[in-house]
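What follows is the content of coords-v8.cif, which has mmCIF, C-alpha atoms:
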```cif
data_protein
loop_
_atom_site.group_PDB
_atom_site.id
_atom_site.type_symbol
_atom_site.label_atom_id
_atom_site.label_comp_id
_atom_site.auth_asym_id
_atom_site.auth_seq_id
_atom_site.Cartn_x
_atom_site.Cartn_y
_atom_site.Cartn_z
ATOM 1 C CA MET L 1 31.551 74.611 195.139
ATOM 2 C CA ILE L 2 31.079 76.280 191.764
ATOM 3 C CA THR L 3 34.037 78.277 190.486
ATOM 4 C CA LYS L 4 35.928 79.402 187.396
ATOM 5 C CA SER L 5 38.998 77.502 186.233
ATOM 6 C CA PRO L 6 42.294 78.523 187.825
ATOM 7 C CA PHE L 7 43.955 77.109 184.678
ATOM 8 C CA ASN L 8 42.340 79.448 182.111
ATOM 9 C CA GLY L 9 39.782 81.591 183.984
ATOM 10 C CA ILE L 10 36.735 80.167 182.136
ATOM 11 C CA SER L 11 33.520 80.045 184.203
ATOM 12 C CA PRO L 12 30.772 77.408 184.306
ATOM 13 C CA GLN L 13 27.471 78.209 182.582
ATOM 14 C CA ILE L 14 24.543 76.612 184.404
ATOM 15 C CA HIS L 15 20.863 76.649 183.466
ATOM 16 C CA PRO L 16 18.819 78.069 186.392
ATOM 17 C CA THR L 17 16.547 74.984 186.504
ATOM 18 C CA ALA L 18 19.482 72.651 187.292
ATOM 19 C CA PHE L 19 19.741 70.964 190.680
ATOM 20 C CA ILE L 20 23.311 71.071 192.014
ATOM 21 C CA ALA L 21 23.757 69.258 195.359
ATOM 22 C CA LYS L 22 25.379 71.302 198.109
ATOM 23 C CA ASP L 23 28.662 69.370 198.055
ATOM 24 C CA ALA L 24 29.019 68.885 194.286
ATOM 25 C CA VAL L 25 32.080 70.517 192.697
ATOM 26 C CA ILE L 26 31.880 72.268 189.311
ATOM 27 C CA ILE L 27 35.020 73.980 188.032
ATOM 28 C CA GLY L 28 35.725 75.852 184.802
ATOM 29 C CA ASP L 29 34.474 75.344 181.259
ATOM 30 C CA VAL L 30 31.305 73.409 182.077
ATOM 31 C CA GLU L 31 27.915 73.916 180.383
ATOM 32 C CA ILE L 32 24.953 72.471 182.276
ATOM 33 C CA GLY L 33 21.587 72.286 180.498
ATOM 34 C CA ALA L 34 18.010 72.625 181.726
ATOM 35 C CA TYR L 35 16.812 70.304 184.495
ATOM 36 C CA VAL L 36 20.171 68.580 184.859
ATOM 37 C CA ASN L 37 20.654 67.098 188.316
ATOM 38 C CA ILE L 38 24.098 66.784 189.848
ATOM 39 C CA TRP L 39 24.056 64.738 193.023
ATOM 40 C CA PHE L 40 26.101 64.702 196.206
ATOM 41 C CA GLY L 41 29.846 64.292 195.888
ATOM 42 C CA ALA L 42 29.977 64.637 192.092
ATOM 43 C CA LYS L 43 33.095 66.328 190.665
ATOM 44 C CA ILE L 44 32.948 68.021 187.265
ATOM 45 C CA ARG L 45 36.321 69.539 186.468
ATOM 46 C CA GLY L 46 36.416 71.600 183.282
ATOM 47 C CA ASP L 47 39.708 73.249 184.157
ATOM 48 C CA TRP L 48 41.631 71.920 181.139
ATOM 49 C CA GLY L 49 38.908 70.911 178.691
ATOM 50 C CA LYS L 50 35.254 71.698 177.993
ATOM 51 C CA ILE L 51 32.439 69.633 179.499
ATOM 52 C CA ILE L 52 28.902 69.868 178.072
ATOM 53 C CA ILE L 53 25.976 68.219 179.871
ATOM 54 C CA GLY L 54 22.667 68.075 177.975
ATOM 55 C CA GLU L 55 19.225 68.747 179.421
ATOM 56 C CA ASN L 56 17.472 66.265 181.727
ATOM 57 C CA THR L 57 20.718 64.438 182.448
ATOM 58 C CA SER L 58 21.468 62.911 185.864
ATOM 59 C CA ILE L 59 25.009 62.921 187.239
ATOM 60 C CA GLN L 60 24.696 60.738 190.312
ATOM 61 C CA GLU L 61 26.620 60.569 193.593
ATOM 62 C CA ASN L 62 30.415 60.613 193.433
ATOM 63 C CA CYS L 63 30.707 60.700 189.634
ATOM 64 C CA VAL L 64 33.873 62.230 188.200
ATOM 65 C CA ILE L 65 33.971 64.007 184.837
ATOM 66 C CA HIS L 66 37.207 65.493 183.430
ATOM 67 C CA SER L 67 39.006 65.945 180.104
ATOM 68 C CA THR L 68 42.490 66.419 178.709
ATOM 69 C CA VAL L 69 43.870 69.853 177.833
ATOM 70 C CA GLY L 70 41.730 71.217 174.990
ATOM 71 C CA GLY L 71 39.513 68.105 174.951
ATOM 72 C CA ILE L 72 35.708 68.154 174.873
ATOM 73 C CA CYS L 73 33.568 65.835 176.935
ATOM 74 C CA LYS L 74 30.016 65.937 175.584
ATOM 75 C CA ILE L 75 27.243 64.185 177.483
ATOM 76 C CA GLY L 76 23.913 64.153 175.660
ATOM 77 C CA LYS L 77 20.323 64.728 176.746
ATOM 78 C CA ASN L 78 18.428 62.351 179.037
ATOM 79 C CA VAL L 79 21.601 60.525 180.077
ATOM 80 C CA THR L 80 22.133 58.876 183.468
ATOM 81 C CA LEU L 81 25.651 58.531 184.845
ATOM 82 C CA GLY L 82 25.303 55.967 187.634
ATOM 83 C CA HIS L 83 26.847 56.316 191.078
ATOM 84 C CA LEU L 84 30.670 56.377 191.119
ATOM 85 C CA SER L 85 31.008 56.385 187.329
ATOM 86 C CA MET L 86 34.051 58.012 185.740
ATOM 87 C CA VAL L 87 34.076 59.836 182.404
ATOM 88 C CA HIS L 88 37.410 61.083 181.086
ATOM 89 C CA GLY L 89 37.324 63.020 177.835
ATOM 90 C CA PRO L 90 37.652 63.791 175.163
ATOM 91 C CA THR L 91 34.560 61.658 174.708
ATOM 92 C CA VAL L 92 30.951 61.734 173.492
ATOM 93 C CA ILE L 93 27.996 60.048 175.205
ATOM 94 C CA GLY L 94 24.815 59.950 173.109
ATOM 95 C CA ASP L 95 21.275 60.854 174.183
ATOM 96 C CA PHE L 96 19.141 58.420 176.238
ATOM 97 C CA THR L 97 22.184 56.475 177.462
ATOM 98 C CA LEU L 98 22.643 54.812 180.850
ATOM 99 C CA ILE L 99 26.154 54.505 182.262
ATOM 100 C CA GLY L 100 26.037 51.891 185.029
ATOM 101 C CA ILE L 101 27.294 52.158 188.582
ATOM 102 C CA HIS L 102 31.083 52.372 188.820
ATOM 103 C CA ALA L 103 31.575 52.189 185.029
ATOM 104 C CA THR L 104 34.588 53.908 183.461
ATOM 105 C CA ILE L 105 34.459 55.725 180.121
ATOM 106 C CA LEU L 106 37.983 56.272 178.791
ATOM 107 C CA GLN L 107 39.410 58.979 176.526
ATOM 108 C CA ARG L 108 38.386 59.067 172.871
ATOM 109 C CA THR L 109 35.327 56.879 173.422
ATOM 110 C CA LYS L 110 32.215 57.611 171.361
ATOM 111 C CA ILE L 111 29.006 56.121 172.734
ATOM 112 C CA GLY L 112 25.898 56.096 170.539
ATOM 113 C CA LYS L 113 22.272 56.816 171.494
ATOM 114 C CA GLY L 114 20.167 54.563 173.683
ATOM 115 C CA VAL L 115 23.135 52.580 175.011
ATOM 116 C CA ILE L 116 23.366 50.757 178.324
ATOM 117 C CA ILE L 117 26.846 50.381 179.798
ATOM 118 C CA ALA L 118 26.759 47.721 182.521
ATOM 119 C CA ALA L 119 27.921 48.365 186.071
ATOM 120 C CA GLY L 120 31.692 48.177 186.432
ATOM 121 C CA ALA L 121 32.372 48.121 182.680
ATOM 122 C CA VAL L 122 35.442 49.792 181.203
ATOM 123 C CA VAL L 123 34.669 51.356 177.826
ATOM 124 C CA ASN L 124 37.086 52.440 175.111
ATOM 125 C CA GLY L 125 36.389 53.044 171.404
ATOM 126 C CA GLU L 126 33.192 53.223 169.323
ATOM 127 C CA ILE L 127 29.938 51.980 170.867
ATOM 128 C CA GLU L 128 26.933 51.299 168.608
ATOM 129 C CA ASP L 129 23.447 52.785 169.170
ATOM 130 C CA ARG L 130 20.853 50.854 171.220
ATOM 131 C CA CYS L 131 23.114 48.148 172.599
ATOM 132 C CA LEU L 132 24.190 46.741 175.957
ATOM 133 C CA TYR L 133 27.932 46.646 176.614
ATOM 134 C CA ALA L 134 29.518 44.905 179.605
ATOM 135 C CA GLY L 135 32.880 43.706 180.857
ATOM 136 C CA ILE L 136 36.503 44.793 181.051
ATOM 137 C CA PRO L 137 37.050 45.733 178.329
ATOM 138 C CA ALA L 138 33.384 46.267 177.480
ATOM 139 C CA VAL L 139 31.981 44.194 174.603
ATOM 140 C CA LYS L 140 28.542 44.195 172.977
ATOM 141 C CA LYS L 141 26.155 41.746 174.662
ATOM 142 C CA LYS L 142 22.744 42.681 173.247
ATOM 143 C CA GLU L 143 20.896 44.986 170.814
ATOM 144 C CA TYR L 144 17.685 46.867 171.643
ATOM 145 C CA PRO L 145 14.731 47.891 169.439
ATOM 146 C CA GLU L 146 14.254 51.558 168.475
ATOM 147 C CA LYS L 147 11.173 51.927 170.721
ATOM 148 C CA GLN L 148 13.267 51.320 173.834
ATOM 149 C CA LEU L 149 15.344 54.463 173.190
ATOM 150 C CA LYS L 150 13.018 56.856 175.033
ATOM 151 C CA GLU L 151 12.548 54.474 177.963
ATOM 152 C CA LEU L 152 16.118 55.168 179.081
ATOM 153 C CA GLY L 153 15.437 58.835 179.879
ATOM 154 C CA SER L 154 16.170 60.254 183.329
ATOM 155 C CA ASN L 155 12.767 61.858 184.071
ATOM 156 C CA LEU L 156 12.474 60.310 187.538
ATOM 157 C CA TYR L 157 15.802 61.901 188.449
ATOM 158 C CA VAL L 158 14.707 65.235 186.963
ATOM 159 C CA ASP L 159 11.594 65.191 189.168
ATOM 160 C CA ASN L 160 13.576 64.095 192.211
ATOM 161 C CA GLY L 161 16.215 66.789 191.634
ATOM 162 C CA GLN L 162 13.498 69.440 191.551
ATOM 163 C CA LYS L 163 12.083 68.099 194.837
ATOM 164 C CA PHE L 164 15.537 68.261 196.455
ATOM 165 C CA LYS L 165 15.956 71.798 195.135
ATOM 166 C CA LYS L 166 12.596 72.891 196.618
ATOM 167 C CA ALA L 167 13.591 71.251 199.918
ATOM 168 C CA GLY L 168 16.644 73.553 200.143
ATOM 169 C CA LEU L 169 19.243 70.890 199.394
ATOM 170 C CA ALA L 170 20.663 72.650 196.335
ATOM 171 C CA GLN L 171 23.769 74.751 196.123
ATOM 172 C CA GLU L 172 23.163 78.425 195.421
ATOM 173 C CA ILE L 173 24.363 79.095 191.874
ATOM 174 C CA PRO L 174 26.199 82.423 191.745
ATOM 175 C CA GLU L 175 24.545 84.864 189.308
ATOM 176 C CA GLU L 176 27.711 85.103 187.198
ATOM 177 C CA PHE L 177 27.449 81.365 186.376
ATOM 178 C CA LEU L 178 23.782 81.304 185.342
ATOM 179 C CA VAL L 179 22.897 80.919 181.670
ATOM 180 C CA LYS L 180 21.130 84.094 180.610
#
```
So, in terms of structure tokens, how does the structure I just supplied come out?
Amino acid sequence: MITKSPFNGISPQIHPTAFIAKDAVIIGDVEIGAYVNIWFGAKIRGDWGKIIIGENTSIQENCVIHSTVGGICKIGKNVTLGHLSMVHGPTVIGDFTLIGIHATILQRTKIGKGVIIAAGAVVNGEIEDRCLYAGIPAVKKKEYPEKQLKELGSNLYVDNGQKFKKAGLAQEIPEEFLVK
């Protein structure tokens, strides 16, 4: 389902190259960039706050993204949100970041670029660039070199999303919600 917000009437804006699985839910003030892939069961609820998803980002099965009234949840380019992860804004997730399976990103968190958040971690606060964070609450475990930044991109998911789209497994995006 893709629909405008019943809270404020704002409609999603989705790039036509995006793959949106047939049972994904996108509501309200949501901007979805080029080649984003949103997998089965994902819920992106921009009814109260704005949600921005950068190009080539993968929102995997059963992820939930939401924000407080007037808050902005900004997810960068080439980000992977692992299966069952939860992002509650306002928050910022930097480019080339991997959010592990079942991780939780809490309000007012700012995650840098090239970060890995371990599976099951609970994150709150400022997270440095190019580091691994794990635990509840998440703490820094390791730093990564600059060259590793681009290796965290979601290109395999971009390619796979396009294959699923060609196979007829994508939701039809209503014309009114397509980025022009």
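Ranking L:Lys147, L:Ser5, L:Ile38, L:Pro12 by their shortest atom-to-atom distance to Gln171 in chain L, with all atoms listed in the file included, puts L:Ile38 first.
Using only C-alpha atoms, the shortest contact distance between Leu81 in chain L and any of L:Ile117, L:Val69, L:Glu55, L:Val123 is found at L:Ile117.
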Original post:
Using only C-alpha atoms, which of L:Thr17, L:Thr104, L:Thr91, L:Thr3 sits nearest Asp47 in chain L?
Top reply: L:Thr3
**OP:** Provide the CA of Glu176 in chain L to CA of Gly33 in chain L distance in Å, to one decimal place.
**Re:** 15.7 Å
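The set of residues that the PyMOL selection byres ((chain L and resi 112-115) around 8) takes from this file is Ile93, Gly94, Asp95, Phe96, Thr97, Leu98, Lys110, Ile111, Ile116, Ile117, Glu126, Ile127, Glu128, Asp129, Arg130, Cys131, Leu132, Tyr133, Gln148, Leu149, Lys150 and Leu152 of chain L.
The nearest approach to Leu84 in chain L among the residues L:Val64, L:Ile105, L:Ile72, L:Ala18, with only C-alpha atoms taken into account, belongs to L:Val64.
If you look at CA of Lys43 in chain L and CA of Gly89 in chain L, they are 13.9 Å away from each other.
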Subject >> Selection result for the PyMOL selection byres ((chain L and resi 31) around 12) on this file, as a count of residues only >> reply: 36
Original post:
Distance CA of Gly82 in chain L-CA of Gly41 in chain L, one decimal place?
Top reply: 12.6 Å
Padded axis-aligned box of range 2-7 of chain L (3 Å per side), centre and edge lengths, Å, one decimal, as AutoDock Vina command-line options:
```
--center_x 37.5 --center_y 77.8 --center_z 188.2 --size_x 18.9 --size_y 9.1 --size_z 13.1
```
